[in-house]
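Have a look at structure-v7.cif below; it lists mmCIF, C-alpha atoms.
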```
data_run
loop_
_atom_site.group_PDB
_atom_site.id
_atom_site.type_symbol
_atom_site.label_atom_id
_atom_site.label_comp_id
_atom_site.auth_asym_id
_atom_site.auth_seq_id
_atom_site.Cartn_x
_atom_site.Cartn_y
_atom_site.Cartn_z
ATOM 1 C CA MET A 1 -21.248 66.452 26.345
ATOM 2 C CA ALA A 2 -22.614 69.802 25.206
ATOM 3 C CA LEU A 3 -25.814 70.818 23.471
ATOM 4 C CA ILE A 4 -25.530 72.558 20.117
ATOM 5 C CA ASN A 5 -28.119 73.862 17.655
ATOM 6 C CA CYS A 6 -28.992 71.788 14.598
ATOM 7 C CA LYS A 7 -28.064 73.684 11.419
ATOM 8 C CA GLU A 8 -31.265 72.502 9.742
ATOM 9 C CA CYS A 9 -34.064 72.903 12.340
ATOM 10 C CA LYS A 10 -32.229 74.842 15.104
ATOM 11 C CA GLY A 11 -33.258 72.208 17.692
ATOM 12 C CA LYS A 12 -30.990 71.345 20.630
ATOM 13 C CA VAL A 13 -28.741 68.342 19.874
ATOM 14 C CA SER A 14 -25.878 66.616 21.669
ATOM 15 C CA ASP A 15 -22.500 67.458 20.168
ATOM 16 C CA LYS A 16 -21.902 63.678 20.030
ATOM 17 C CA ALA A 17 -25.000 62.951 17.870
ATOM 18 C CA LEU A 18 -24.568 61.681 14.318
ATOM 19 C CA MET A 19 -27.961 63.052 13.321
ATOM 20 C CA CYS A 20 -30.526 65.443 14.745
ATOM 21 C CA PRO A 21 -33.248 63.607 16.711
ATOM 22 C CA HIS A 22 -35.775 66.250 15.613
ATOM 23 C CA CYS A 23 -35.293 66.384 11.841
ATOM 24 C CA GLY A 24 -32.687 63.721 10.965
ATOM 25 C CA PHE A 25 -30.071 66.186 9.674
ATOM 26 C CA GLY A 26 -26.532 64.745 9.624
ATOM 27 C CA MET A 27 -24.564 66.396 12.449
ATOM 28 C CA SER A 28 -21.154 64.759 12.225
ATOM 29 C CA PRO A 29 -18.505 66.354 9.992
ATOM 30 C CA THR A 30 -17.516 62.826 8.972
ATOM 31 C CA LEU A 31 -21.110 61.840 8.191
ATOM 32 C CA GLU A 32 -20.849 62.982 4.571
ATOM 33 C CA ASN A 33 -17.831 60.713 4.107
ATOM 34 C CA LEU A 34 -19.776 57.811 5.631
ATOM 35 C CA LEU A 35 -22.751 58.540 3.369
ATOM 36 C CA ARG A 36 -20.492 58.627 0.314
ATOM 37 C CA LEU A 37 -19.058 55.214 1.225
ATOM 38 C CA GLN A 38 -22.535 53.801 1.756
ATOM 39 C CA ARG A 39 -23.742 55.059 -1.623
ATOM 40 C CA ASN A 40 -20.789 53.398 -3.319
ATOM 41 C CA ARG A 41 -21.453 50.024 -1.721
ATOM 42 C CA THR A 42 -23.239 47.398 -3.766
ATOM 43 C CA ALA A 43 -24.684 45.313 -0.931
ATOM 44 C CA HIS A 44 -28.262 46.243 -1.778
ATOM 45 C CA GLN A 45 -27.748 45.498 -5.445
ATOM 46 C CA GLU A 46 -27.021 41.916 -4.395
ATOM 47 C CA VAL A 47 -29.958 41.724 -1.965
ATOM 48 C CA PHE A 48 -32.561 43.573 -4.031
ATOM 49 C CA ASN A 49 -32.436 42.613 -7.694
ATOM 50 C CA LYS A 50 -34.578 44.340 -10.347
ATOM 51 C CA ALA A 51 -37.204 41.574 -10.577
ATOM 52 C CA ASP A 52 -37.738 41.702 -6.814
ATOM 53 C CA MET A 53 -37.979 45.501 -6.913
ATOM 54 C CA ALA A 54 -40.700 45.419 -9.597
ATOM 55 C CA GLN A 55 -42.816 43.087 -7.466
ATOM 56 C CA ILE A 56 -42.146 45.123 -4.319
ATOM 57 C CA HIS A 57 -43.278 48.391 -5.935
ATOM 58 C CA GLU A 58 -46.615 46.768 -6.837
ATOM 59 C CA GLU A 59 -47.086 45.652 -3.212
ATOM 60 C CA LYS A 60 -46.089 48.800 -1.348
ATOM 61 C CA ARG A 61 -48.562 51.213 0.206
ATOM 62 C CA THR A 62 -51.617 48.988 0.111
ATOM 63 C CA HIS A 63 -52.605 50.133 3.630
ATOM 64 C CA LYS A 64 -53.369 53.631 4.867
ATOM 65 C CA ARG A 65 -50.278 55.329 6.265
ATOM 66 C CA ILE A 66 -50.022 57.959 8.957
ATOM 67 C CA ASP A 67 -47.458 60.729 8.641
ATOM 68 C CA ILE A 68 -45.461 60.759 11.853
ATOM 69 C CA LYS A 69 -41.930 61.930 12.461
ATOM 70 C CA MET A 70 -39.998 60.289 15.260
ATOM 71 C CA MET A 71 -36.738 58.497 15.900
ATOM 72 C CA ILE A 72 -36.725 54.689 16.050
ATOM 73 C CA LYS A 73 -34.082 51.968 16.116
ATOM 74 C CA ILE A 74 -33.374 49.550 13.273
ATOM 75 C CA ASN A 75 -30.904 46.861 14.376
ATOM 76 C CA GLN A 76 -29.951 49.189 17.266
ATOM 77 C CA GLU A 77 -29.087 52.031 14.828
ATOM 78 C CA THR A 78 -31.070 55.282 14.886
ATOM 79 C CA ALA A 79 -33.382 55.981 11.967
ATOM 80 C CA MET A 80 -36.005 58.642 11.246
ATOM 81 C CA LEU A 81 -39.579 57.378 10.869
ATOM 82 C CA PHE A 82 -41.613 59.353 8.302
ATOM 83 C CA ASN A 83 -44.842 57.387 8.022
ATOM 84 C CA ILE A 84 -46.320 54.194 9.382
ATOM 85 C CA SER A 85 -49.163 51.729 8.841
ATOM 86 C CA LYS A 86 -50.133 48.469 10.488
ATOM 87 C CA TYR A 87 -47.858 46.554 8.169
ATOM 88 C CA GLY A 88 -45.099 48.915 7.043
ATOM 89 C CA MET A 89 -43.117 52.086 7.534
ATOM 90 C CA LYS A 90 -40.991 54.557 5.600
ATOM 91 C CA LEU A 91 -37.650 55.389 7.199
ATOM 92 C CA ALA A 92 -34.491 57.342 6.498
ATOM 93 C CA SER A 93 -31.025 56.874 7.947
ATOM 94 C CA PRO A 94 -27.374 57.428 7.050
ATOM 95 C CA PHE A 95 -27.060 53.670 6.387
ATOM 96 C CA THR A 96 -29.355 50.880 5.337
ATOM 97 C CA PRO A 97 -28.944 47.473 6.967
ATOM 98 C CA LYS A 98 -26.746 44.962 5.122
ATOM 99 C CA ILE A 99 -29.424 42.252 5.121
ATOM 100 C CA PRO A 100 -33.157 42.729 4.563
ATOM 101 C CA GLU A 101 -34.323 41.199 7.881
ATOM 102 C CA VAL A 102 -34.288 43.829 10.639
ATOM 103 C CA ASP A 103 -35.154 44.283 14.300
ATOM 104 C CA ILE A 104 -37.286 47.361 14.962
ATOM 105 C CA THR A 105 -37.660 49.208 18.272
ATOM 106 C CA LEU A 106 -40.360 51.869 18.385
ATOM 107 C CA ASP A 107 -40.810 53.911 21.562
ATOM 108 C CA ASN A 108 -43.949 56.061 21.419
ATOM 109 C CA GLY A 109 -43.297 57.623 24.822
ATOM 110 C CA GLU A 110 -45.742 55.332 26.589
ATOM 111 C CA GLN A 111 -44.828 51.909 25.241
ATOM 112 C CA VAL A 112 -41.827 50.288 23.582
ATOM 113 C CA PHE A 113 -42.641 47.938 20.715
ATOM 114 C CA GLU A 114 -40.074 45.308 19.682
ATOM 115 C CA MET A 115 -40.827 44.100 16.159
ATOM 116 C CA LYS A 116 -39.349 42.232 13.201
ATOM 117 C CA GLY A 117 -39.418 43.455 9.635
ATOM 118 C CA THR A 118 -38.068 43.083 6.120
ATOM 119 C CA ILE A 119 -36.663 45.877 3.988
ATOM 120 C CA ARG A 120 -38.868 45.955 0.892
ATOM 121 C CA TRP A 121 -37.412 48.913 -1.017
ATOM 122 C CA VAL A 122 -34.494 51.327 -0.960
ATOM 123 C CA SER A 123 -34.850 54.646 -2.753
ATOM 124 C CA GLY A 124 -32.217 56.116 -5.013
ATOM 125 C CA LYS A 125 -33.468 59.527 -3.878
ATOM 126 C CA HIS A 126 -32.343 61.072 -0.634
ATOM 127 C CA THR A 127 -34.292 63.102 1.916
ATOM 128 C CA PHE A 128 -33.578 66.794 2.488
ATOM 129 C CA SER A 129 -30.766 65.877 4.864
ATOM 130 C CA ASN A 130 -29.109 63.458 2.429
ATOM 131 C CA LEU A 131 -30.281 60.362 4.310
ATOM 132 C CA ILE A 132 -31.202 57.143 2.495
ATOM 133 C CA ASP A 133 -34.949 56.398 2.331
ATOM 134 C CA PHE A 134 -36.169 52.822 2.688
ATOM 135 C CA GLY A 135 -39.374 50.942 3.379
ATOM 136 C CA VAL A 136 -39.829 48.164 5.900
ATOM 137 C CA GLU A 137 -42.632 45.611 5.920
ATOM 138 C CA ILE A 138 -43.500 44.585 9.478
ATOM 139 C CA SER A 139 -43.454 40.796 9.755
ATOM 140 C CA ALA A 140 -43.972 40.378 13.520
ATOM 141 C CA ALA A 141 -45.259 42.811 16.133
ATOM 142 C CA PRO A 142 -46.990 42.563 19.514
ATOM 143 C CA PRO A 143 -50.789 43.009 19.602
ATOM 144 C CA GLU A 144 -50.302 46.330 21.422
ATOM 145 C CA TYR A 145 -48.569 47.750 18.349
ATOM 146 C CA TYR A 146 -51.636 47.080 16.189
ATOM 147 C CA GLU A 147 -53.853 48.671 18.869
ATOM 148 C CA PHE A 148 -51.555 51.736 18.862
ATOM 149 C CA ILE A 149 -51.856 52.041 15.067
ATOM 150 C CA ASP A 150 -55.647 51.588 15.228
ATOM 151 C CA LYS A 151 -55.823 54.530 17.676
ATOM 152 C CA LEU A 152 -53.678 56.676 15.384
ATOM 153 C CA LEU A 153 -55.877 55.804 12.403
ATOM 154 C CA ALA A 154 -59.036 56.600 14.378
ATOM 155 C CA ASN A 155 -57.674 60.030 15.301
ATOM 156 C CA ASN A 156 -56.403 60.794 11.802
#
```
Let me see whether you can do it: turn the structure in this file into structure tokens.
Amino acid sequence: MALINCKECKGKVSDKALMCPHCGFGMSPTLENLLRLQRNRTAHQEVFNKADMAQIHEEKRTHKRIDIKMMIKINQETAMLFNISKYGMKLASPFTPKIPEVDITLDNGEQVFEMKGTIRWVSGKHTFSNLIDFGVEISAAPPEYYEFIDKLLANN
């Protein structure tokens, strides 16, 4: 394994990484092909129909969010966290999960939070690094997670 520089942020990244842990930029030469395949899939059209999406858009962002950029795991796959609240988060990754129910692992450097969530929206727009944006509503989390968010909100 060797360290290389990310083309987007110039951070040090493993040559085996699919995306930069600092900025989420796609590192693999085959990543664009994988992204193209994902965009062509219709799995989310089956899971998220238009009526559900209209209701979801009314519900989203009812709680104050904190902008925070860090890597987390969704169903053991790496995703980039962009903002977070007590009850939801905005993420970006090369792929979105095939079913809306997800397992979330957030490691803040001091604690690891294992949570459950539901994908509530998937954006047709892509982040600067061509990742797919999606929102997750947190359905189950340990009390320590809510304490962590309360501390972030108090300092924000």
The PyMOL selection byres ((chain A and resi 91) around 12) resolved against shown file, as a ChimeraX atom specification
/A:24,67-74,77-84,88-90,92-97,104,119-123,126-127,131-137
If you apply the PyMOL selection byres ((chain A and resi 105-116) around 8) to this file, what residues do you get, as a PyMOL selection string?
chain A and resi 71-74+76+101-104+117-118+138-142+144-145
Residues from last step as file, C-alpha atoms, as a PDB file, in the coordinates of the input:
```pdb
ATOM      1  CA  MET A  71     -36.738  58.497  15.900  1.00  0.00           C
ATOM      2  CA  ILE A  72     -36.725  54.689  16.050  1.00  0.00           C
ATOM      3  CA  LYS A  73     -34.082  51.968  16.116  1.00  0.00           C
ATOM      4  CA  ILE A  74     -33.374  49.550  13.273  1.00  0.00           C
ATOM      5  CA  GLN A  76     -29.951  49.189  17.266  1.00  0.00           C
ATOM      6  CA  GLU A 101     -34.323  41.199   7.881  1.00  0.00           C
ATOM      7  CA  VAL A 102     -34.288  43.829  10.639  1.00  0.00           C
ATOM      8  CA  ASP A 103     -35.154  44.283  14.300  1.00  0.00           C
ATOM      9  CA  ILE A 104     -37.286  47.361  14.962  1.00  0.00           C
ATOM     10  CA  GLY A 117     -39.418  43.455   9.635  1.00  0.00           C
ATOM     11  CA  THR A 118     -38.068  43.083   6.120  1.00  0.00           C
ATOM     12  CA  ILE A 138     -43.500  44.585   9.478  1.00  0.00           C
ATOM     13  CA  SER A 139     -43.454  40.796   9.755  1.00  0.00           C
ATOM     14  CA  ALA A 140     -43.972  40.378  13.520  1.00  0.00           C
ATOM     15  CA  ALA A 141     -45.259  42.811  16.133  1.00  0.00           C
ATOM     16  CA  PRO A 142     -46.990  42.563  19.514  1.00  0.00           C
ATOM     17  CA  GLU A 144     -50.302  46.330  21.422  1.00  0.00           C
ATOM     18  CA  TYR A 145     -48.569  47.750  18.349  1.00  0.00           C
TER      19      TYR A 145
END
```
Separation of CA of Leu3 (chain A) from CA of Asn130 (chain A) in Å:
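Interatomic distance, CA of Asn130 (chain A) to CA of Leu3 (chain A): 22.5 Å.
Atom pair CA of Tyr87 (chain A) / CA of Pro100 (chain A): separated by 15.6 Å.
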If you apply the PyMOL selection byres ((chain A and resi 150) around 12) to this file, what residues do you get, as a list of chain:residue names?
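Given this file, the PyMOL selection byres ((chain A and resi 150) around 12) evaluates to A:Lys64, A:Arg65, A:Ile66, A:Ile84, A:Ser85, A:Lys86, A:Tyr87, A:Pro143, A:Glu144, A:Tyr145, A:Tyr146, A:Glu147, A:Phe148, A:Ile149, A:Lys151, A:Leu152, A:Leu153, A:Ala154, A:Asn155, A:Asn156.
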